[in-house]
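K.L.:
File follows, my_file17.txt with compact mmCIF, C-alpha atoms:
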# COMPACT_ATOMS: atom_id res chain seq x y z
CA MET Y 24 -38.74 -24.64 23.97
CA GLN Y 25 -36.48 -21.69 23.16
CA LYS Y 26 -36.11 -20.89 26.85
CA ARG Y 27 -35.31 -24.51 27.65
CA LEU Y 28 -32.64 -24.58 24.89
CA GLY Y 29 -31.13 -21.35 26.15
CA ILE Y 30 -31.80 -19.37 22.96
CA VAL Y 31 -31.38 -15.64 23.51
CA THR Y 32 -31.73 -12.89 20.91
CA MET Y 33 -30.53 -9.29 20.82
CA PRO Y 34 -31.40 -6.42 18.45
CA LEU Y 35 -28.49 -5.13 16.39
CA GLU Y 36 -27.37 -1.54 16.78
CA GLU Y 37 -25.72 0.73 14.25
CA ARG Y 38 -22.18 1.68 15.14
CA GLN Y 39 -19.29 3.72 13.77
CA VAL Y 40 -15.75 2.53 14.35
CA SER Y 41 -12.29 3.64 13.30
CA HIS Y 42 -10.59 1.21 10.97
CA SER Y 43 -6.90 1.15 10.12
CA SER Y 44 -5.39 -1.57 7.92
CA PRO Y 45 -2.37 -3.27 9.53
CA MET Y 46 0.78 -3.22 7.40
CA PHE Y 47 4.49 -3.97 7.55
CA ALA Y 48 7.16 -1.47 6.54
CA THR Y 49 10.79 -2.26 5.71
CA VAL Y 50 13.39 0.51 5.60
CA LEU Y 51 15.18 0.36 2.24
CA ASP Y 52 18.83 1.04 1.49
CA PRO Y 53 18.71 4.40 -0.36
CA SER Y 54 22.15 3.98 -1.98
CA PRO Y 55 20.90 2.40 -5.25
CA LEU Y 56 18.35 5.18 -5.83
CA VAL Y 57 20.76 7.95 -4.85
CA THR Y 58 23.32 6.50 -7.27
CA LEU Y 59 20.77 6.30 -10.07
CA PHE Y 60 19.66 9.90 -9.49
CA SER Y 61 23.31 11.02 -9.53
CA ASP Y 62 24.04 9.07 -12.73
CA ARG Y 63 20.95 10.54 -14.39
CA ARG Y 64 21.95 14.09 -13.43
CA ILE Y 65 25.42 13.53 -14.92
CA ALA Y 66 23.86 11.98 -18.02
CA ARG Y 67 21.67 15.06 -18.51
CA LEU Y 68 24.67 17.38 -18.28
CA THR Y 69 26.63 15.14 -20.65
CA LEU Y 70 23.77 15.20 -23.17
CA VAL Y 71 23.51 19.00 -23.03
CA ASN Y 72 27.25 19.32 -23.61
CA ALA Y 73 27.25 16.72 -26.40
CA ARG Y 74 24.37 18.40 -28.21
CA THR Y 75 26.06 21.79 -27.93
CA GLU Y 76 29.26 20.33 -29.38
CA ALA Y 77 27.39 18.56 -32.16
CA ALA Y 78 25.63 21.81 -33.13
CA ARG Y 79 28.96 23.69 -33.05
CA THR Y 80 30.77 21.16 -35.25
CA LYS Y 81 27.88 21.07 -37.69
CA SER Y 82 27.95 24.85 -38.00
CA LEU Y 83 31.72 24.92 -38.49
CA ASN Y 84 31.57 22.16 -41.09
CA LYS Y 85 28.86 23.99 -43.00
CA ASN Y 86 30.65 27.34 -42.92
CA GLY Y 87 33.99 26.81 -44.56
CA ASN Y 88 34.75 23.25 -43.56
CA ALA Y 89 36.65 24.39 -40.45
CA ILE Y 90 35.67 20.99 -39.01
CA SER Y 91 35.89 17.86 -41.10
CA THR Y 92 32.78 15.88 -41.88
CA LYS Y 93 34.24 12.94 -39.99
CA ASP Y 94 34.60 15.02 -36.81
CA MET Y 95 31.11 16.43 -37.28
CA GLU Y 96 29.66 12.93 -37.56
CA ALA Y 97 31.64 11.79 -34.52
CA ALA Y 98 30.19 14.67 -32.47
CA GLY Y 99 26.68 13.74 -33.63
CA LEU Y 100 27.29 10.12 -32.65
CA THR Y 101 28.51 11.21 -29.21
CA ALA Y 102 25.29 13.18 -28.71
CA ALA Y 103 23.21 10.18 -29.79
CA VAL Y 104 25.04 7.90 -27.34
CA ALA Y 105 24.51 10.43 -24.53
CA ARG Y 106 20.80 10.55 -25.36
CA GLU Y 107 20.53 6.76 -25.22
CA ARG Y 108 22.43 6.69 -21.93
CA LEU Y 109 19.96 9.13 -20.36
CA LEU Y 110 17.00 7.19 -21.76
CA SER Y 111 18.42 3.96 -20.34
CA LEU Y 112 18.79 5.48 -16.87
CA ASN Y 113 15.24 6.88 -16.99
CA GLN Y 114 13.91 3.45 -17.93
CA ARG Y 115 15.94 1.76 -15.21
CA ILE Y 116 14.59 4.07 -12.51
CA MET Y 117 11.04 3.52 -13.75
CA LEU Y 118 11.48 -0.26 -13.78
CA GLU Y 119 13.18 -0.50 -10.39
CA TRP Y 120 11.37 2.21 -8.43
CA GLY Y 121 8.14 2.87 -10.30
CA PRO Y 122 6.75 5.71 -12.44
CA ALA Y 123 6.11 8.08 -9.51
CA VAL Y 124 9.80 8.05 -8.55
CA GLY Y 125 11.01 8.06 -12.13
CA LYS Y 126 8.99 11.15 -13.06
CA MET Y 127 10.21 13.35 -10.19
CA ASP Y 128 11.62 16.63 -11.40
CA GLU Y 129 15.28 17.36 -10.78
CA ALA Y 130 14.62 19.83 -7.95
CA GLU Y 131 12.58 17.23 -6.04
CA GLN Y 132 15.25 14.59 -6.65
CA THR Y 133 17.97 16.88 -5.34
CA ARG Y 134 15.97 17.71 -2.22
CA ILE Y 135 15.17 14.07 -1.44
CA VAL Y 136 18.75 12.91 -2.03
CA ALA Y 137 20.08 15.59 0.31
CA ALA Y 138 17.59 14.53 3.00
CA LEU Y 139 18.45 10.84 2.58
CA VAL Y 140 22.19 11.55 2.83
CA ASP Y 141 21.68 13.73 5.93
CA GLY Y 142 19.58 11.04 7.63
CA LYS Y 143 16.49 13.28 7.64
CA ALA Y 144 14.53 11.05 5.27
CA ALA Y 145 14.08 7.34 4.75
CA LEU Y 146 12.69 5.18 1.97
CA LEU Y 147 10.35 2.34 2.89
CA ARG Y 148 8.59 -0.53 1.25
CA VAL Y 149 5.14 -1.11 2.76
CA ASP Y 150 3.22 -4.37 2.39
CA ALA Y 151 -0.05 -5.79 3.67
CA SER Y 152 -1.48 -9.27 3.56
CA ALA Y 153 -3.02 -9.78 0.11
CA GLY Y 154 -2.37 -6.08 -0.52
CA HIS Y 155 -5.35 -5.13 1.68
CA GLY Y 156 -5.55 -1.40 2.35
CA LEU Y 157 -2.84 -0.37 -0.13
CA THR Y 158 -5.17 0.90 -2.84
CA GLU Y 159 -5.33 4.69 -3.07
CA THR Y 160 -3.32 5.05 0.13
CA GLU Y 161 -1.63 8.46 0.36
CA PHE Y 162 -0.07 8.33 3.82
CA VAL Y 163 1.09 5.54 6.11
CA ARG Y 164 1.57 5.81 9.87
CA LEU Y 165 4.70 4.10 11.27
CA ARG Y 166 5.14 2.97 14.86
CA LEU Y 167 8.66 2.92 16.29
CA ALA Y 168 9.88 0.64 19.07
CA ASP Y 169 9.63 3.44 21.65
CA GLY Y 170 5.97 4.05 20.78
CA GLU Y 171 6.62 7.16 18.69
CA THR Y 172 4.75 7.44 15.41
CA LEU Y 173 5.89 8.89 12.09
CA GLU Y 174 3.94 9.67 8.95
CA ALA Y 175 5.26 8.48 5.58
CA ARG Y 176 4.12 9.85 2.23
CA VAL Y 177 3.37 7.23 -0.41
CA LEU Y 178 5.37 7.78 -3.61
CA GLY Y 179 3.78 5.03 -5.66
CA PRO Y 180 3.49 1.26 -6.20
CA ALA Y 181 6.53 -0.99 -5.86
CA ARG Y 182 7.77 -2.81 -8.95
CA SER Y 183 8.04 -6.25 -7.35
CA ALA Y 184 5.59 -8.20 -5.21
CA ASP Y 185 6.10 -9.81 -1.82
CA THR Y 186 5.40 -13.47 -2.62
CA TYR Y 187 4.89 -14.43 1.04
CA LEU Y 188 2.25 -11.78 1.78
CA GLN Y 189 0.94 -11.74 -1.81
CA SER Y 190 1.26 -7.97 -1.63
CA ALA Y 191 2.07 -5.67 -4.55
CA GLY Y 192 3.68 -3.24 -2.10
CA ILE Y 193 4.14 0.52 -2.16
CA ILE Y 194 7.18 2.80 -1.84
CA ALA Y 195 6.91 5.51 0.80
CA LEU Y 196 9.09 8.36 2.03
CA VAL Y 197 9.25 9.63 5.60
CA GLU Y 198 10.86 13.01 6.24
CA GLN Y 199 11.70 14.78 9.50
CA ASP Y 200 13.69 17.88 10.41
CA ARG Y 201 15.80 15.81 12.78
CA VAL Y 202 17.88 12.69 12.12
CA LEU Y 203 15.69 9.60 11.83
CA PRO Y 204 16.43 6.40 13.80
CA LEU Y 205 15.62 4.28 10.74
CA SER Y 206 18.44 1.99 9.64
CA ALA Y 207 18.22 0.05 6.37
CA GLY Y 208 16.61 -3.35 6.90
CA LEU Y 209 14.62 -2.29 9.97
CA MET Y 210 11.04 -3.61 10.01
CA LEU Y 211 8.21 -1.56 11.51
CA ASN Y 212 4.52 -1.91 12.16
CA ALA Y 213 2.53 0.41 9.93
CA ALA Y 214 -1.07 1.29 9.24
CA THR Y 215 -3.13 3.51 7.02
CA LYS Y 216 -4.80 6.55 8.50
CA ALA Y 217 -7.83 5.51 10.52
CA GLU Y 218 -11.07 5.68 8.54
CA GLN Y 219 -14.55 5.86 10.01
CA GLN Y 220 -16.66 2.85 9.01
CA ARG Y 221 -20.40 2.47 9.65
CA GLY Y 222 -22.41 -0.71 10.02
CA VAL Y 223 -24.18 -2.86 12.60
CA PHE Y 224 -22.22 -4.43 15.42
CA VAL Y 225 -22.52 -8.21 15.82
CA PRO Y 226 -21.09 -9.52 19.11
CA GLU Y 227 -18.69 -12.44 19.17
CA THR Y 228 -21.26 -14.58 21.01
CA ALA Y 229 -23.56 -14.49 17.95
CA LEU Y 230 -20.97 -15.71 15.46
CA LEU Y 231 -20.85 -19.23 14.08
CA TYR Y 232 -17.65 -20.40 12.36
CA MET Y 233 -18.48 -23.25 10.00
CA GLY Y 234 -16.74 -24.45 6.83
CA GLY Y 235 -14.55 -21.38 6.52
CA GLN Y 236 -17.57 -19.05 6.72
CA ILE Y 237 -18.98 -16.83 9.45
CA SER Y 238 -22.73 -16.75 9.97
CA VAL Y 239 -25.40 -15.67 12.44
CA TYR Y 240 -28.95 -16.75 13.09
CA VAL Y 241 -31.56 -14.01 12.58
CA ALA Y 242 -35.06 -14.28 14.04
CA THR Y 243 -37.70 -13.92 11.34
CA GLY Y 244 -40.63 -14.57 13.70
CA GLN Y 245 -41.39 -15.72 17.23
CA GLU Y 246 -40.62 -19.33 16.31
CA SER Y 247 -38.47 -19.09 13.19
CA PHE Y 248 -34.80 -18.35 12.56
CA VAL Y 249 -32.73 -18.05 9.37
CA GLN Y 250 -28.99 -18.62 9.11
CA HIS Y 251 -27.32 -15.62 7.48
CA ILE Y 252 -23.77 -15.91 6.10
CA LEU Y 253 -21.70 -12.73 6.58
CA THR Y 254 -19.69 -11.46 3.63
CA ASN Y 255 -19.09 -7.73 4.08
CA TYR Y 256 -17.56 -7.13 7.50
CA GLN Y 257 -14.46 -6.07 9.35
CA PRO Y 258 -13.09 -6.99 12.78
CA ALA Y 259 -14.12 -4.86 15.73
CA ALA Y 260 -13.55 -5.15 19.47
CA ASP Y 261 -15.41 -8.26 20.74
CA GLY Y 262 -17.17 -8.87 17.44
CA LEU Y 263 -17.63 -7.74 13.85
CA LEU Y 264 -18.83 -4.58 12.17
CA VAL Y 265 -21.14 -5.82 9.40
CA LYS Y 266 -21.47 -3.26 6.61
CA ALA Y 267 -24.07 -5.00 4.41
CA GLY Y 268 -26.68 -7.75 4.68
CA LEU Y 269 -27.90 -6.90 8.19
CA LYS Y 270 -29.58 -3.78 9.55
CA ALA Y 271 -30.19 -2.11 12.87
CA GLY Y 272 -33.06 -3.75 14.73
CA ASP Y 273 -32.51 -7.26 13.33
CA LEU Y 274 -32.76 -9.85 16.12
CA VAL Y 275 -29.71 -12.11 16.13
CA VAL Y 276 -29.21 -15.15 18.33
CA THR Y 277 -26.47 -14.44 20.86
CA SER Y 278 -26.86 -17.69 22.82
CA GLY Y 279 -27.92 -21.06 21.46
CA ALA Y 280 -26.89 -20.51 17.82
CA ALA Y 281 -24.89 -23.76 17.80
CA ILE Y 282 -27.99 -25.65 18.99
CA LEU Y 283 -30.07 -24.12 16.18
CA TYR Y 284 -27.40 -25.14 13.69
CA SER Y 285 -27.30 -28.72 14.94
CA THR Y 286 -31.09 -29.07 14.83
CA ALA Y 287 -31.28 -27.59 11.34
CA THR Y 288 -28.44 -29.72 9.93
CA PRO Y 289 -29.25 -33.40 9.15
CA GLN Y 290 -26.97 -35.74 11.13
CA GLU Y 291 -25.07 -38.53 9.44
CA GLY Y 292 -27.32 -41.55 8.96
CA GLU Y 293 -30.55 -39.54 9.11
CA ASP Y 294 -32.97 -39.39 6.18
Kindly present the structure from the file in structure tokens form.
P.N.:
Amino acid sequence: MQKRLGIVTMPLEERQVSHSSPMFATVLDPSPLVTLFSDRRIARLTLVNARTEAARTKSLNKNGNAISTKDMEAAGLTAAVARERLLSLNQRIMLEWGPAVGKMDEAEQTRIVAALVDGKAALLRVDASAGHGLTETEFVRLRLADGETLEARVLGPARSADTYLQSAGIIALVEQDRVLPLSAGLMLNAATKAEQQRGVFVPETALLYMGGQISVYVATGQESFVQHILTNYQPAADGLLVKAGLKAGDLVVTSGAAILYSTATPQEGED
């Protein structure tokens, strides 16, 4: 009967494949961040100067009233305002660019700003459908139009989501010794570094697509088959790499699975 119905089975084999999550990168305009870094640097210098002046006026007021109390209080107020200004800028950077960018030390900020201005660095926002592959990503590989690839270092999570892709997004920085051909607004294909994944390979001919699910028929005896719904898998060339639920040696139906499904599923009107 199986031969007449054209049912063919094949044992599954274990396989290792390279997997890289597809992503989309958008080159960001660095001007807002460069401006914020510059304003914060000025605010730090202003605060240092204001605190020095406040300490000087306090000392002079205490030792002989060379400075009036009113002037001493004014200097203290100026220092307090400078402190609040710096705090506000720190909070703004954290809110707009994320904690990783906001907590950069001044030397790192200065280096990155110089590279951005010289065209030897670029800021990017990287997104993936449903955020897949973004978790714990440290580096992203970018592909340019001419086929060249660049590596971008992930700075941290973005502060706003992409509502279309439902992606939280990450902010990345790409740096090169030469000028980069990355203009603000340019969109690029991106991917995480390829990771080796192990599982069993299920060929496309064995897959059944029913009701939004993917399943296969597994032989449990010479005359019996069980439908197995796949849940833990990833696309591979000409099939799927199944990482759980199936094992090497399992016999899956590679021809005639649709016939098995139709015979096992009651038709409309049948008891």
K.L.:
Do you have the atom CA of Arg134 of chain Y-atom CA of Thr69 of chain Y distance handy?
P.N.:
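Computed distance, atom CA of Arg134 of chain Y to atom CA of Thr69 of chain Y, equals 21.4 Å.
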K.L.:
Work out how far apart atom CA of Ala213 of chain Y and atom CA of Ser190 of chain Y are and give it in Å to one decimal.
P.N.:
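That distance, rounded to one decimal, is 14.3 Å.
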K.L.:
Would you list the contacts of Ser61 of chain Y as a PDB file with C-alpha atoms, in the frame of the given file, taking every protein, DNA or RNA residue within 12 Å and counting only C-alpha atoms, but skipping same-chain residues closer than 2 positions in sequence?
P.N.:
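Generated output (out09.pdb):
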ATOM      1  CA  SER Y  54      22.150   3.980  -1.980  1.00  0.00           C
ATOM      2  CA  PRO Y  55      20.900   2.400  -5.250  1.00  0.00           C
ATOM      3  CA  LEU Y  56      18.350   5.180  -5.830  1.00  0.00           C
ATOM      4  CA  VAL Y  57      20.760   7.950  -4.850  1.00  0.00           C
ATOM      5  CA  THR Y  58      23.320   6.500  -7.270  1.00  0.00           C
ATOM      6  CA  LEU Y  59      20.770   6.300 -10.070  1.00  0.00           C
ATOM      7  CA  ARG Y  63      20.950  10.540 -14.390  1.00  0.00           C
ATOM      8  CA  ARG Y  64      21.950  14.090 -13.430  1.00  0.00           C
ATOM      9  CA  ILE Y  65      25.420  13.530 -14.920  1.00  0.00           C
ATOM     10  CA  ALA Y  66      23.860  11.980 -18.020  1.00  0.00           C
ATOM     11  CA  ARG Y  67      21.670  15.060 -18.510  1.00  0.00           C
ATOM     12  CA  LEU Y  68      24.670  17.380 -18.280  1.00  0.00           C
ATOM     13  CA  LEU Y 109      19.960   9.130 -20.360  1.00  0.00           C
ATOM     14  CA  LEU Y 112      18.790   5.480 -16.870  1.00  0.00           C
ATOM     15  CA  ASN Y 113      15.240   6.880 -16.990  1.00  0.00           C
ATOM     16  CA  ILE Y 116      14.590   4.070 -12.510  1.00  0.00           C
ATOM     17  CA  GLU Y 129      15.280  17.360 -10.780  1.00  0.00           C
ATOM     18  CA  GLN Y 132      15.250  14.590  -6.650  1.00  0.00           C
ATOM     19  CA  THR Y 133      17.970  16.880  -5.340  1.00  0.00           C
ATOM     20  CA  ILE Y 135      15.170  14.070  -1.440  1.00  0.00           C
ATOM     21  CA  VAL Y 136      18.750  12.910  -2.030  1.00  0.00           C
ATOM     22  CA  ALA Y 137      20.080  15.590   0.310  1.00  0.00           C
TER      23      ALA Y 137
END
K.L.:
Enclose segment 81-93 of chain Y, meaning all of its atoms listed in the file, in a box aligned along x, y and z, pad it by 5 Å on each side, and list the centre and edge lengths in Å to one decimal, as JSON.
P.N.:
{"center_x": 32.3, "center_y": 20.1, "center_z": -41.1, "size_x": 18.8, "size_y": 24.4, "size_z": 16.9}
K.L.:
Report, in Å to a single decimal, how far apart atom CA of Leu35 of chain Y and atom CA of Val225 of chain Y are.
P.N.:
6.7 Å
K.L.:
Can you tell me which residues surround Ala151 of chain Y at a distance of at most 12 Å, considering all atoms listed in the file, apart from same-chain residues fewer than 4 positions away, and format the answer as a PyMOL selection string?
P.N.:
chain Y and resi 43-49+155-158+160+163+184-193+212-215
K.L.:
Just checking: using only C-alpha atoms, which residue out of Y:Thr92, Y:Thr277, Y:Thr75, Y:Thr243 ends up closest to Met33 of chain Y?
P.N.:
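Of all the options, Y:Thr277 lies closest to Met33 of chain Y.
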K.L.:
Out of Y:Val275, Y:Ala98, Y:Leu70, Y:Ile90, which residue has the shortest atom-to-atom distance to Leu231 of chain Y when counting only C-alpha atoms?
P.N.:
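Result for the nearest residue to Leu231 of chain Y: Y:Val275.
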K.L.:
I need the residue nearest Leu264 of chain Y from this list: Y:Arg176, Y:Asp141, Y:Lys26, Y:Glu36. Use only C-alpha atoms for the distance.
P.N.:
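Of Y:Arg176, Y:Asp141, Y:Lys26, Y:Glu36, the one nearest Leu264 of chain Y, counting only C-alpha atoms, is Y:Glu36.
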K.L.:
With distances taken over all atoms listed in the file, which of Y:Gly121, Y:Gln220, Y:Met127, Y:Glu198 is nearest to Gly179 of chain Y?
P.N.:
Y:Gly121
K.L.:
Go through Y:Glu76, Y:Asp273, Y:Asp150, Y:Asp169 one by one, measure the shortest atom-to-atom distance of each to Gly99 of chain Y using only C-alpha atoms, and give the residue with the smallest value.
P.N.:
Y:Glu76
K.L.:
Compare Y:Ala271, Y:Leu230, Y:Leu51, Y:Ala181 by their minimum atom-to-atom distance to Ala145 of chain Y, counting all atoms listed in the file, and give me the closest one.
P.N.:
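For Ala145 of chain Y, the nearest of the given residues is Y:Leu51.
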K.L.:
N, CA, C and O atoms are what I want for segment 35-58 of chain Y; can you complete it accordingly and write them as an mmCIF file, keeping the file's coordinate frame?
P.N.:
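And here's selection01.cif as it stands now:
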data_model
loop_
_atom_site.group_PDB
_atom_site.id
_atom_site.type_symbol
_atom_site.label_atom_id
_atom_site.label_comp_id
_atom_site.auth_asym_id
_atom_site.auth_seq_id
_atom_site.Cartn_x
_atom_site.Cartn_y
_atom_site.Cartn_z
ATOM 1 N N LEU Y 35 -29.742 -5.731 16.826
ATOM 2 C CA LEU Y 35 -28.490 -5.130 16.390
ATOM 3 C C LEU Y 35 -28.570 -3.609 16.435
ATOM 4 O O LEU Y 35 -29.626 -3.025 16.202
ATOM 5 N N GLU Y 36 -27.448 -2.997 16.734
ATOM 6 C CA GLU Y 36 -27.370 -1.540 16.780
ATOM 7 C C GLU Y 36 -26.356 -1.042 15.764
ATOM 8 O O GLU Y 36 -25.324 -1.684 15.517
ATOM 9 N N GLU Y 37 -26.661 0.118 15.183
ATOM 10 C CA GLU Y 37 -25.720 0.730 14.250
ATOM 11 C C GLU Y 37 -24.553 1.300 15.043
ATOM 12 O O GLU Y 37 -24.716 1.797 16.160
ATOM 13 N N ARG Y 38 -23.367 1.205 14.446
ATOM 14 C CA ARG Y 38 -22.180 1.680 15.140
ATOM 15 C C ARG Y 38 -21.181 2.234 14.128
ATOM 16 O O ARG Y 38 -21.153 1.820 12.981
ATOM 17 N N GLN Y 39 -20.374 3.154 14.582
ATOM 18 C CA GLN Y 39 -19.290 3.720 13.770
ATOM 19 C C GLN Y 39 -17.978 3.443 14.478
ATOM 20 O O GLN Y 39 -17.828 3.746 15.659
ATOM 21 N N VAL Y 40 -17.040 2.847 13.742
ATOM 22 C CA VAL Y 40 -15.750 2.530 14.350
ATOM 23 C C VAL Y 40 -14.633 3.034 13.458
ATOM 24 O O VAL Y 40 -14.803 3.231 12.246
ATOM 25 N N SER Y 41 -13.482 3.247 14.052
ATOM 26 C CA SER Y 41 -12.290 3.640 13.300
ATOM 27 C C SER Y 41 -11.588 2.380 12.820
ATOM 28 O O SER Y 41 -11.379 1.443 13.590
ATOM 29 N N HIS Y 42 -11.259 2.381 11.549
ATOM 30 C CA HIS Y 42 -10.590 1.210 10.970
ATOM 31 C C HIS Y 42 -9.274 1.628 10.353
ATOM 32 O O HIS Y 42 -9.193 2.605 9.614
ATOM 33 N N SER Y 43 -8.220 0.880 10.675
ATOM 34 C CA SER Y 43 -6.900 1.150 10.120
ATOM 35 C C SER Y 43 -6.287 -0.180 9.701
ATOM 36 O O SER Y 43 -6.162 -1.094 10.512
ATOM 37 N N SER Y 44 -5.929 -0.305 8.426
ATOM 38 C CA SER Y 44 -5.390 -1.570 7.920
ATOM 39 C C SER Y 44 -3.975 -1.802 8.433
ATOM 40 O O SER Y 44 -3.112 -0.942 8.281
ATOM 41 N N PRO Y 45 -3.718 -2.974 9.058
ATOM 42 C CA PRO Y 45 -2.370 -3.270 9.530
ATOM 43 C C PRO Y 45 -1.430 -3.564 8.366
ATOM 44 O O PRO Y 45 -1.806 -4.236 7.412
ATOM 45 N N MET Y 46 -0.209 -3.048 8.454
ATOM 46 C CA MET Y 46 0.780 -3.220 7.400
ATOM 47 C C MET Y 46 2.158 -3.441 8.009
ATOM 48 O O MET Y 46 2.343 -3.328 9.222
ATOM 49 N N PHE Y 47 3.111 -3.770 7.136
ATOM 50 C CA PHE Y 47 4.490 -3.970 7.550
ATOM 51 C C PHE Y 47 5.386 -3.117 6.666
ATOM 52 O O PHE Y 47 5.261 -3.145 5.442
ATOM 53 N N ALA Y 48 6.264 -2.354 7.284
ATOM 54 C CA ALA Y 48 7.160 -1.470 6.540
ATOM 55 C C ALA Y 48 8.602 -1.919 6.739
ATOM 56 O O ALA Y 48 9.008 -2.247 7.853
ATOM 57 N N THR Y 49 9.367 -1.927 5.659
ATOM 58 C CA THR Y 49 10.790 -2.260 5.710
ATOM 59 C C THR Y 49 11.577 -1.062 5.216
ATOM 60 O O THR Y 49 11.295 -0.529 4.134
ATOM 61 N N VAL Y 50 12.557 -0.621 5.998
ATOM 62 C CA VAL Y 50 13.390 0.510 5.600
ATOM 63 C C VAL Y 50 14.362 0.039 4.511
ATOM 64 O O VAL Y 50 15.071 -0.951 4.687
ATOM 65 N N LEU Y 51 14.357 0.729 3.389
ATOM 66 C CA LEU Y 51 15.180 0.360 2.240
ATOM 67 C C LEU Y 51 16.535 1.059 2.282
ATOM 68 O O LEU Y 51 16.667 2.159 2.823
ATOM 69 N N ASP Y 52 17.525 0.409 1.675
ATOM 70 C CA ASP Y 52 18.830 1.040 1.490
ATOM 71 C C ASP Y 52 18.684 2.079 0.385
ATOM 72 O O ASP Y 52 18.354 1.725 -0.753
ATOM 73 N N PRO Y 53 18.921 3.368 0.664
ATOM 74 C CA PRO Y 53 18.710 4.400 -0.360
ATOM 75 C C PRO Y 53 19.848 4.510 -1.368
ATOM 76 O O PRO Y 53 19.708 5.213 -2.372
ATOM 77 N N SER Y 54 20.965 3.822 -1.119
ATOM 78 C CA SER Y 54 22.150 3.980 -1.980
ATOM 79 C C SER Y 54 21.866 3.713 -3.465
ATOM 80 O O SER Y 54 22.297 4.498 -4.325
ATOM 81 N N PRO Y 55 21.153 2.627 -3.819
ATOM 82 C CA PRO Y 55 20.900 2.400 -5.250
ATOM 83 C C PRO Y 55 20.138 3.545 -5.921
ATOM 84 O O PRO Y 55 20.467 3.941 -7.045
ATOM 85 N N LEU Y 56 19.120 4.090 -5.235
ATOM 86 C CA LEU Y 56 18.350 5.180 -5.830
ATOM 87 C C LEU Y 56 19.168 6.459 -5.897
ATOM 88 O O LEU Y 56 19.124 7.170 -6.906
ATOM 89 N N VAL Y 57 19.920 6.751 -4.848
ATOM 90 C CA VAL Y 57 20.760 7.950 -4.850
ATOM 91 C C VAL Y 57 21.786 7.872 -5.987
ATOM 92 O O VAL Y 57 22.032 8.858 -6.694
ATOM 93 N N THR Y 58 22.347 6.687 -6.187
ATOM 94 C CA THR Y 58 23.320 6.500 -7.270
ATOM 95 C C THR Y 58 22.674 6.692 -8.631
ATOM 96 O O THR Y 58 23.242 7.339 -9.524
#
